[in-house]
Amino acid sequence: MEASFQDRSAALRPSMGKAAVSALLPPAVVIGLAALLHFVIGPAIGYFYAKVLTDVGIAVVMAVSLNLVNGYTGQFSIGHAAFMTVGGYAAGSVVYYGHYLIWGSLQQQGGFLGPSTLLYVVALLVGGLAAALAGFVVGLPSLRLRGDYLAIVTLGFGEIVRVLVTRTNDVLFDADEIAAASPVTLLTSVGGSLGFTGLPFLTNLFWVWVAAGAVILFSYRLKRSDQGRALLSIREDEIAAEAMGIPTTRFKVQAFVYAAFFAGIAGGLFAHEVGTTLNPQELGFQKSFEVVIMVVLGGMGSVTGTTIAAAALVILPEALRSFSDYRMIAYALTLILVMLLRPQGLMGLREVWEIPAVRKLLRSGR
Amino acid sequence: MLRLNDLHVHYGAVHALQGVELEVNQGEIVTLIGSNGAGKSTTLRAISGMLRPSRGTIDFEGKPIAGLAPHVVVGLGIAHSPEGRGVFANLTVEENLQVGAYTRSDKAGIAEDMKKVYGLFPRLEERRRQLAGTLSGGEQQMLAMGRALLARPRLLLLDEPSLGLAPQIVKVIFQIIRDINALGTTILLVEQNAHKALEVANRGYVIEVGKIVLADDAKVLAASDEVRKAYLGG
Amino acid sequence: MALFPRALRLAPILLALACSGQTADKGPDAGQGGGEHGSDVILVGEYGSMTGAEATFGQSTHNGIMLAIEEINAAGGVGGKKIELKTYDDAGKTQEAGTVVTRLVTEDKVVAVLGEVNSKLSLAGGRIAQQFGVPMVSPSSTNAQVTQVGDMIFRVCFVDEFQGFVGAKFAAENLQAKKAAILYDQGSPYSKGLKDDFTKAFVGFGGEVVTDQAYTTGDQDFGAQLTSIKQAGVDVIYLPGYYTDVGNIAIQMRAQGITVPMVGGDGWDSSKLAEIGGPAIEGSYYSNHYAAEEDRPEVKAFVKAFTDKYGATPDGLAALGYDAARVLADAMKRSPSLGGKDLAKAIAETKDFPGVTGHITIDDHRNAQKPAVVVEMKGGAPHFVASVAPGQ
């Protein structure tokens with residue numbers, strides 16, 4: 001909280017240049033690191049490890065965004081994957097049918113930052129906004145109430161989304177037919193339970209890690225802001241927070257909508273990832289639980305903890321793959337052990353550098 | 001300053017407040033005493049907007065505030081230190097105080113009030129970086145009061161500040177209540193410890209099953225047989 | 001001085017990354033010619049659902065593949081080299097299917113990939129195999145889209161359209177049915193596809209589909225649908241679903257007094273069908289890839305070898321896994337090299353291969369042209385009734 005005071009006083013000072021640097025530096029670092037991953041590290045480690053890193057990035061976006069709701073605000077959403085589904089299908093429709101309507105085929109236009117990528121980035125944002133809208137509609141009525149209502153409503157919402165997507169029609173792949181079809185026809189022709197097949201592979205390490213960096217930065221800055229403290233106080237004691245004049249319902253809904261937005265982005269990333277097929281079963285409640293586990297394991301409210309847990313829970317099954325049948329047992333055992341030894345999660349509410357041992361290490365490094 | 005007129009509150013089918021009449025004047029300490037479940041906390045919650053009255057009016061400085069949202073009420077100058085203290089256990093002492101100033105945007109004023117609160121509660125300053133959950137009960141009560149003060153209220157609602165505290169700490173807390181009042185904050189104090197409450201208060205009200213049954217100067221109430229028998233254990 | 005020590009701590013990580021980069025391939029030809037680096041084994045990859053909801057499918061297929069590879073190796077392997085199988089579990093998820101096929105193709109450098117059962121997963125893995133130019137043979141994905149992914153993707157099973165045709169032909173000719181009802185799973189593209197294909201073919205044979213009713217996987221009560229079917233008064237009921245639902249439907253249908261025969265597809269093929277359906281499923285028919293009691297030498301040898309090794313009668317998925325591995329090995333023997341293009345060409349040229357699941361010819365769309373069998377449930381087990389070849 002000291003840092004935020006300094007930030008604020010720095011922003012008030014006349015030296016605008018310095019303020020601009022401190023505002024623009026973190027996003028620049030995120031883009032730089034994502035570019036490094038994509039152009040240098042990705043090619044160096046090979047396709048398989050790059051694919052795992054991509055999976056990790058998407059999991060990070062999901063877990064860190066859910067942390068806004070389950071961690072910061074202390075609500076219990078168990079339907080996060082539903083927003084991923086909404087975002088994924090919205091983004092997928094824009095990219096797939098957009099390609100046909102604009103260029104008449106699925107042929108990728110241009111390379112890195114080419115027209116296809118531009119359409120893809122727009123689609124990711126559309127997916128995020130669609131999910132955010134869904135989050136608002138779901139969150140507004142359920143977050144007025146206290147307790148377990150949100151859990152039940154989000155679970156139900158997830159099932160509704162899954163069933164609706166399952167009942168959609170086959171994907172169209174005839175350019176003339178697509179040009180003649182109405183938007184409603186296109187939006188309901190997204191493949192049903194076989195999945196939205198044929199989506200171009202536009203997701204790569206760069207976009208995944210730009211999104212992951214964005215959600216990490218956003219979450220961390222929020223945590224250290226007045227609004228973040230207000231969210232945490234809702235989690236700690238909702239009645240006391242209300243007594244302090246915090247508009248609890250509005251803030252809970254806001255946090256929920258932010259989280260849904262990023263989950264929608266994650267859905268768009270997933271939809272266009274190499275070697276996946278966007279399909280309703282895979283983004284069902286099981287996926288939601290996986291994300292909840294990441295948040296609980298990492299520490300409710302800890303951005304770095306959630307990030308580490310998300311990475312670990314993607315890499316662990318991959319590393320254990322050679323144990324075939326036993327890997328799911330090993331995975332479950334690890335979870336149980338961590339929860340027994342550290343019920344508050346790996347990190348609790350703290351960030352990595354707030355752990356005493358790490359603090360000491362950082363100090364000695366200076 | 002504050003006037004409740006024929007205030008009714010329902011919890012579902014339960015008629016919790018049945019026409020409460022109460023008045024607090026500028027600069028006073030007014031106490032509301034009564035047994036468990038009589039409607040003391042409900043009255044405070046209705047004032048701060050956390051409960052919506054089913055009938056009656058609440059006027060603050062001449063303006064009707066019944067039914068306004070809590071954050072609006074706080075903005076108008078009424079802060080509420082809730083029962084059970086409600087400190088944010090996983091936030092530090094200083095973060096707790098910052099949340100108290102949530103409705104304000106005058107950075108300089110907040111910093112000044114922060115100093116003032118640390119002046120009132122030196123123990124909090126010593127522990128400003130500690131998590132609130134690690135404080136003792138008395139310190140948590142201090143924090144809850146300090147946090148409410150950071151809203152810079154003209155009227156402070158205190159709900160059971162002595163609950164569960166050792167007698168020595170209770171003494172300290174009531175001294176601080178006097179100090180806060182001396183610095184210019186009007187206080188409406190809800191207490192089960194009628195003895196202590198009537199000692200610090202100018203005036204007092206006795207509430208029974210949702211109705212005010214007695215209202216008088218604190219000294220008069222403390223001396224009255226009825227109150228002595230019912231609430232002062234003698 | 002401020003940054004330096006921390007940068008030093010990163011050094012080993014960067015070093016490790018750089019080293020791993022040297023062994024990794026850079027281009028999309030990563031799989032080309034893999035497994036040929038002078039070693040005496042040929043590495044083949046397999047991906048399947050060994051865990052998750054479809055684990056029985058994955059394990060059956062795996063057993064079939066393992067048996068085939070053992071036999072091939074015992075007979076001298078391919079060109080003197082033994083085939084080695086690398087198997088990864090995809091837990092029934094497309095994201096994992098994509099990851100494991102990437103791992104097989106770019107890390108393990110397999111010459112070819114066998115898998116998957118579920119069409120959705122074959123589509124996800126197939127796009128990777130196609131991208132890296134490594135041939136993939138799906139044992140049992142029947143959805144038409146699977147082999148449309150590209151020229152590296154093949155299958156040794158027939159497609160759903162043919163199965164719908166077989167069901168319709170059997171109903172119209174063998175059962176002499178004129179009016180049919182369909183009860184299908186609207187949540188399954190397989191079931192929906194079969195419904196459409198059956199309808200088309202049945203009308204072609206001069207029949208009429210009087211009513212089609214839908215359910216969703218896992219439904220427990222089919223009363224409403226069965227009532228309308230009963231009122232429609234039909235000669236046959238087509239049930240293109242999976243064995244769990246089919247078993248439940250059969251029980252409720254017989255309880256409602258509907259006695260007309262039921263016909264289904266290969267989704268019925270499980271020993272669980274008789275367990276769930278009990279007497280209600282007796283006398284029903286389904287189209288399948290093979291029947292264990294067919295009187296062909298390939299079938300007899302396979303059933304004996306499989307039963308000796310695993311102590312159970314092989315189901316259709318095991319037979320298809322067995323055939324997929326053998327078709328692949330046969331192509332390897334004929335191929336001038338084990339590079340992706342040569343091998344794909346050799347697989348495409350497969351003609352009249354004597355598979356357990358019928359004589360297999362790969363057509364221009366990389367699908368298998370082969371007969372289907374129709375079996376009848378009798379005494380709790382499927383028994384061979386008829387064989388239907390394509391184009392009849």
# chains A, B, ... in the order shown; residues from 1 in each chain; ligands from 1
$ interface_residues --of "chain A" --to "chain B" --cutoff "10 Å" --atoms "only C-alpha atoms" --output "JSON, numbers by chain"
{"A": [1, 2, 5, 8, 9, 224, 226, 227, 228, 229, 230, 231, 232, 233, 234, 235, 236, 237, 238, 239, 240, 241, 242, 243, 244, 245, 246, 247, 248, 348, 349, 350]}
$ write_last_selection --atoms "C-alpha atoms" --output "PDB file, in the first residue's frame"
ATOM      1  CA  MET A   1       0.000   0.000   0.000  1.00  0.00           C
ATOM      2  CA  GLU A   2       3.008   2.196   0.450  1.00  0.00           C
ATOM      3  CA  PHE A   5       0.822   6.091  -2.180  1.00  0.00           C
ATOM      4  CA  ARG A   8      -0.121   8.514  -6.638  1.00  0.00           C
ATOM      5  CA  SER A   9       2.139  11.228  -5.343  1.00  0.00           C
ATOM      6  CA  ARG A 224      -3.042  -2.353  -4.704  1.00  0.00           C
ATOM      7  CA  ASP A 226      -8.534   1.624  -3.382  1.00  0.00           C
ATOM      8  CA  GLN A 227     -11.012  -0.502  -5.269  1.00  0.00           C
ATOM      9  CA  GLY A 228      -8.888  -3.595  -4.735  1.00  0.00           C
ATOM     10  CA  ARG A 229      -8.771  -2.999  -1.003  1.00  0.00           C
ATOM     11  CA  ALA A 230     -12.513  -2.505  -1.102  1.00  0.00           C
ATOM     12  CA  LEU A 231     -12.910  -5.893  -2.860  1.00  0.00           C
ATOM     13  CA  LEU A 232     -10.681  -7.583  -0.288  1.00  0.00           C
ATOM     14  CA  SER A 233     -12.668  -6.006   2.534  1.00  0.00           C
ATOM     15  CA  ILE A 234     -15.870  -7.468   1.047  1.00  0.00           C
ATOM     16  CA  ARG A 235     -14.249 -10.873   1.188  1.00  0.00           C
ATOM     17  CA  GLU A 236     -13.096 -10.312   4.771  1.00  0.00           C
ATOM     18  CA  ASP A 237     -16.381  -9.025   6.171  1.00  0.00           C
ATOM     19  CA  GLU A 238     -19.131  -8.013   3.832  1.00  0.00           C
ATOM     20  CA  ILE A 239     -21.235  -6.291   6.512  1.00  0.00           C
ATOM     21  CA  ALA A 240     -18.328  -4.240   7.799  1.00  0.00           C
ATOM     22  CA  ALA A 241     -17.367  -3.322   4.237  1.00  0.00           C
ATOM     23  CA  GLU A 242     -20.903  -2.147   3.630  1.00  0.00           C
ATOM     24  CA  ALA A 243     -20.766  -0.131   6.849  1.00  0.00           C
ATOM     25  CA  MET A 244     -17.605   1.565   5.551  1.00  0.00           C
ATOM     26  CA  GLY A 245     -19.653   2.847   2.632  1.00  0.00           C
ATOM     27  CA  ILE A 246     -18.420   0.357   0.045  1.00  0.00           C
ATOM     28  CA  PRO A 247     -21.128  -0.348  -2.550  1.00  0.00           C
ATOM     29  CA  THR A 248     -20.689  -4.089  -2.175  1.00  0.00           C
ATOM     30  CA  GLY A 348      -2.324 -17.335   0.961  1.00  0.00           C
ATOM     31  CA  LEU A 349      -3.071 -13.716   0.121  1.00  0.00           C
ATOM     32  CA  ARG A 350       0.613 -12.870  -0.287  1.00  0.00           C
TER      33      ARG A 350
END
$ residues_around --residues "C:Tyr285" --least-positions-apart "3" --cutoff "12 Å" --atoms "only C-alpha atoms" --output "PyMOL selection string"
chain C and resi 166-168+170-171+174-175+236-240+246+260-269+281-282+288+373-378+381-386
$ residues_around --residues "B:Ala46" --least-positions-apart "3" --cutoff "9 Å" --atoms "only C-alpha atoms" --output "MDAnalysis selection string"
chainID B and resid 7 9 41:43 49:53 58 66:67
$ closest_atom_pairs --of "chain A" --to "chain C" --cutoff "9 Å" --atoms "only C-alpha atoms" --output "CSV"
residue,atom,partner,partner_atom,distance
A:Ile41,CA,C:Leu17,CA,7.5
A:Pro43,CA,C:Lys26,CA,6.6
A:Ala44,CA,C:Gly21,CA,4.1
A:Ile45,CA,C:Gly21,CA,4.7
A:Gly46,CA,C:Ala24,CA,5.1
A:Tyr47,CA,C:Thr106,CA,6.6
A:Phe48,CA,C:Arg103,CA,5.2
A:Tyr49,CA,C:Arg103,CA,8.3
A:Lys51,CA,C:Thr99,CA,6.5
A:Val52,CA,C:Thr99,CA,7.1
A:Asp55,CA,C:Gln95,CA,8.2
A:Val163,CA,C:Gly187,CA,8.0
A:Thr166,CA,C:Gly187,CA,5.7
A:Arg167,CA,C:Gly187,CA,6.5
A:Asp170,CA,C:Pro189,CA,8.8
A:Gly191,CA,C:Pro189,CA,8.8
A:Gly192,CA,C:Pro189,CA,7.3
A:Ser193,CA,C:Ser188,CA,6.0
A:Leu194,CA,C:Lys120,CA,5.7
A:Gly195,CA,C:Lys120,CA,7.0
A:Thr197,CA,C:Leu123,CA,7.6
A:Gly198,CA,C:Val149,CA,8.5
A:Phe270,CA,C:Gln95,CA,8.4
A:Glu273,CA,C:Gln95,CA,8.4
A:Val274,CA,C:Gly98,CA,7.0
A:Gly275,CA,C:Gly98,CA,3.9
A:Thr276,CA,C:Gln95,CA,4.6
A:Thr277,CA,C:Ala124,CA,5.6
A:Leu278,CA,C:Thr94,CA,8.1
A:Asn279,CA,C:Lys120,CA,8.5
A:Gln281,CA,C:Lys93,CA,8.7
A:Glu282,CA,C:Lys93,CA,6.2
A:Glu318,CA,C:Val100,CA,8.9
A:Arg321,CA,C:Tyr88,CA,7.0
A:Ser322,CA,C:Tyr88,CA,7.5
A:Ser324,CA,C:Asp89,CA,6.5
A:Asp325,CA,C:Thr51,CA,7.0
A:Met328,CA,C:Thr51,CA,8.4
A:Leu362,CA,C:Arg6,CA,8.5
A:Gly365,CA,C:Pro5,CA,6.0
A:Arg366,CA,C:Ala2,CA,4.9
$ select_by_dssp --residues "stretch 52-229 of chain B" --states "alpha helix (DSSP H)" --output "MDAnalysis selection string"
chainID B and resid 70:76 93:100 107:120 122:126 137:149 167:182 194:200 218:223 225:229
$ write_last_selection --atoms "C-alpha atoms" --output "CSV table (one decimal), in the first residue's frame"
chain,number,residue,atom,x,y,z
B,70,PRO,CA,-25.0,2.7,3.0
B,71,HIS,CA,-22.3,4.3,0.8
B,72,VAL,CA,-24.5,7.4,0.4
B,73,VAL,CA,-25.1,7.6,4.2
B,74,VAL,CA,-21.4,7.4,4.9
B,75,GLY,CA,-20.9,10.2,2.4
B,76,LEU,CA,-23.3,12.3,4.3
B,93,VAL,CA,-3.9,-2.2,10.1
B,94,GLU,CA,-3.1,0.6,7.7
B,95,GLU,CA,-5.1,-1.0,4.9
B,96,ASN,CA,-8.0,-1.3,7.3
B,97,LEU,CA,-7.8,2.4,8.0
B,98,GLN,CA,-7.6,3.1,4.3
B,99,VAL,CA,-10.8,1.2,3.6
B,100,GLY,CA,-12.4,3.4,6.3
B,107,LYS,CA,-5.7,12.7,0.0
B,108,ALA,CA,-4.3,15.4,2.3
B,109,GLY,CA,-7.2,15.2,4.6
B,110,ILE,CA,-7.0,11.4,4.8
B,111,ALA,CA,-3.3,11.6,5.7
B,112,GLU,CA,-4.1,14.1,8.4
B,113,ASP,CA,-6.9,12.0,9.8
B,114,MET,CA,-4.7,8.9,9.7
B,115,LYS,CA,-2.2,10.8,11.9
B,116,LYS,CA,-5.1,11.8,14.2
B,117,VAL,CA,-6.2,8.2,14.6
B,118,TYR,CA,-2.7,7.1,15.3
B,119,GLY,CA,-2.6,9.9,17.9
B,120,LEU,CA,-5.7,8.5,19.6
B,122,PRO,CA,-0.7,4.8,19.5
B,123,ARG,CA,-0.9,1.0,19.6
B,124,LEU,CA,-2.3,0.9,16.1
B,125,GLU,CA,0.6,3.0,14.8
B,126,GLU,CA,3.0,0.5,16.3
B,137,GLY,CA,-9.5,-8.1,20.9
B,138,GLY,CA,-9.0,-4.6,22.4
B,139,GLU,CA,-6.7,-3.6,19.6
B,140,GLN,CA,-9.2,-4.8,17.0
B,141,GLN,CA,-11.9,-2.7,18.7
B,142,MET,CA,-9.6,0.3,18.5
B,143,LEU,CA,-9.0,-0.5,14.9
B,144,ALA,CA,-12.7,-0.7,14.2
B,145,MET,CA,-13.3,2.7,15.8
B,146,GLY,CA,-10.3,4.2,14.1
B,147,ARG,CA,-11.4,2.9,10.8
B,148,ALA,CA,-14.9,4.5,11.3
B,149,LEU,CA,-13.2,7.8,12.2
B,167,PRO,CA,-12.4,-4.8,32.2
B,168,GLN,CA,-9.1,-2.9,31.9
B,169,ILE,CA,-9.4,-2.6,28.2
B,170,VAL,CA,-13.0,-1.6,28.5
B,171,LYS,CA,-11.9,1.3,30.6
B,172,VAL,CA,-9.5,2.4,27.9
B,173,ILE,CA,-12.1,2.1,25.2
B,174,PHE,CA,-14.6,4.2,27.1
B,175,GLN,CA,-11.9,6.8,27.7
B,176,ILE,CA,-11.2,6.9,24.0
B,177,ILE,CA,-14.9,7.3,23.3
B,178,ARG,CA,-14.8,10.4,25.5
B,179,ASP,CA,-11.8,11.7,23.6
B,180,ILE,CA,-13.4,11.2,20.2
B,181,ASN,CA,-16.4,13.1,21.5
B,182,ALA,CA,-14.2,15.9,22.8
B,194,ALA,CA,-25.3,-0.1,30.6
B,195,HIS,CA,-23.3,0.9,33.6
B,196,LYS,CA,-20.3,2.1,31.6
B,197,ALA,CA,-22.5,3.5,28.8
B,198,LEU,CA,-24.5,5.7,31.1
B,199,GLU,CA,-21.3,6.9,32.7
B,200,VAL,CA,-20.0,8.4,29.5
B,218,ALA,CA,-27.9,9.5,31.6
B,219,LYS,CA,-27.5,10.3,35.3
B,220,VAL,CA,-31.2,10.1,35.9
B,221,LEU,CA,-31.4,6.7,34.1
B,222,ALA,CA,-28.5,5.4,36.0
B,223,ALA,CA,-30.2,6.3,39.2
B,225,ASP,CA,-34.8,1.9,40.0
B,226,GLU,CA,-36.2,0.4,36.8
B,227,VAL,CA,-32.9,0.6,35.0
B,228,ARG,CA,-30.9,-0.5,37.9
B,229,LYS,CA,-33.0,-3.6,38.3
$ select_by_dssp --residues "stretch 5-234 of chain B" --states "strand (DSSP E or B)" --output "ChimeraX atom specification"
/B:5-11,14-24,29-33,55-60,63-64,78-81,92,131,155-159,186-191,203-208,211-217
$ atom_distance --atom1 "atom CA of C:Ala255" --atom2 "atom CA of C:Asp221"
12.3 Å
$ atom_distance --atom1 "atom CA of B:Val206" --atom2 "atom CA of B:Gly34"
5.6 Å
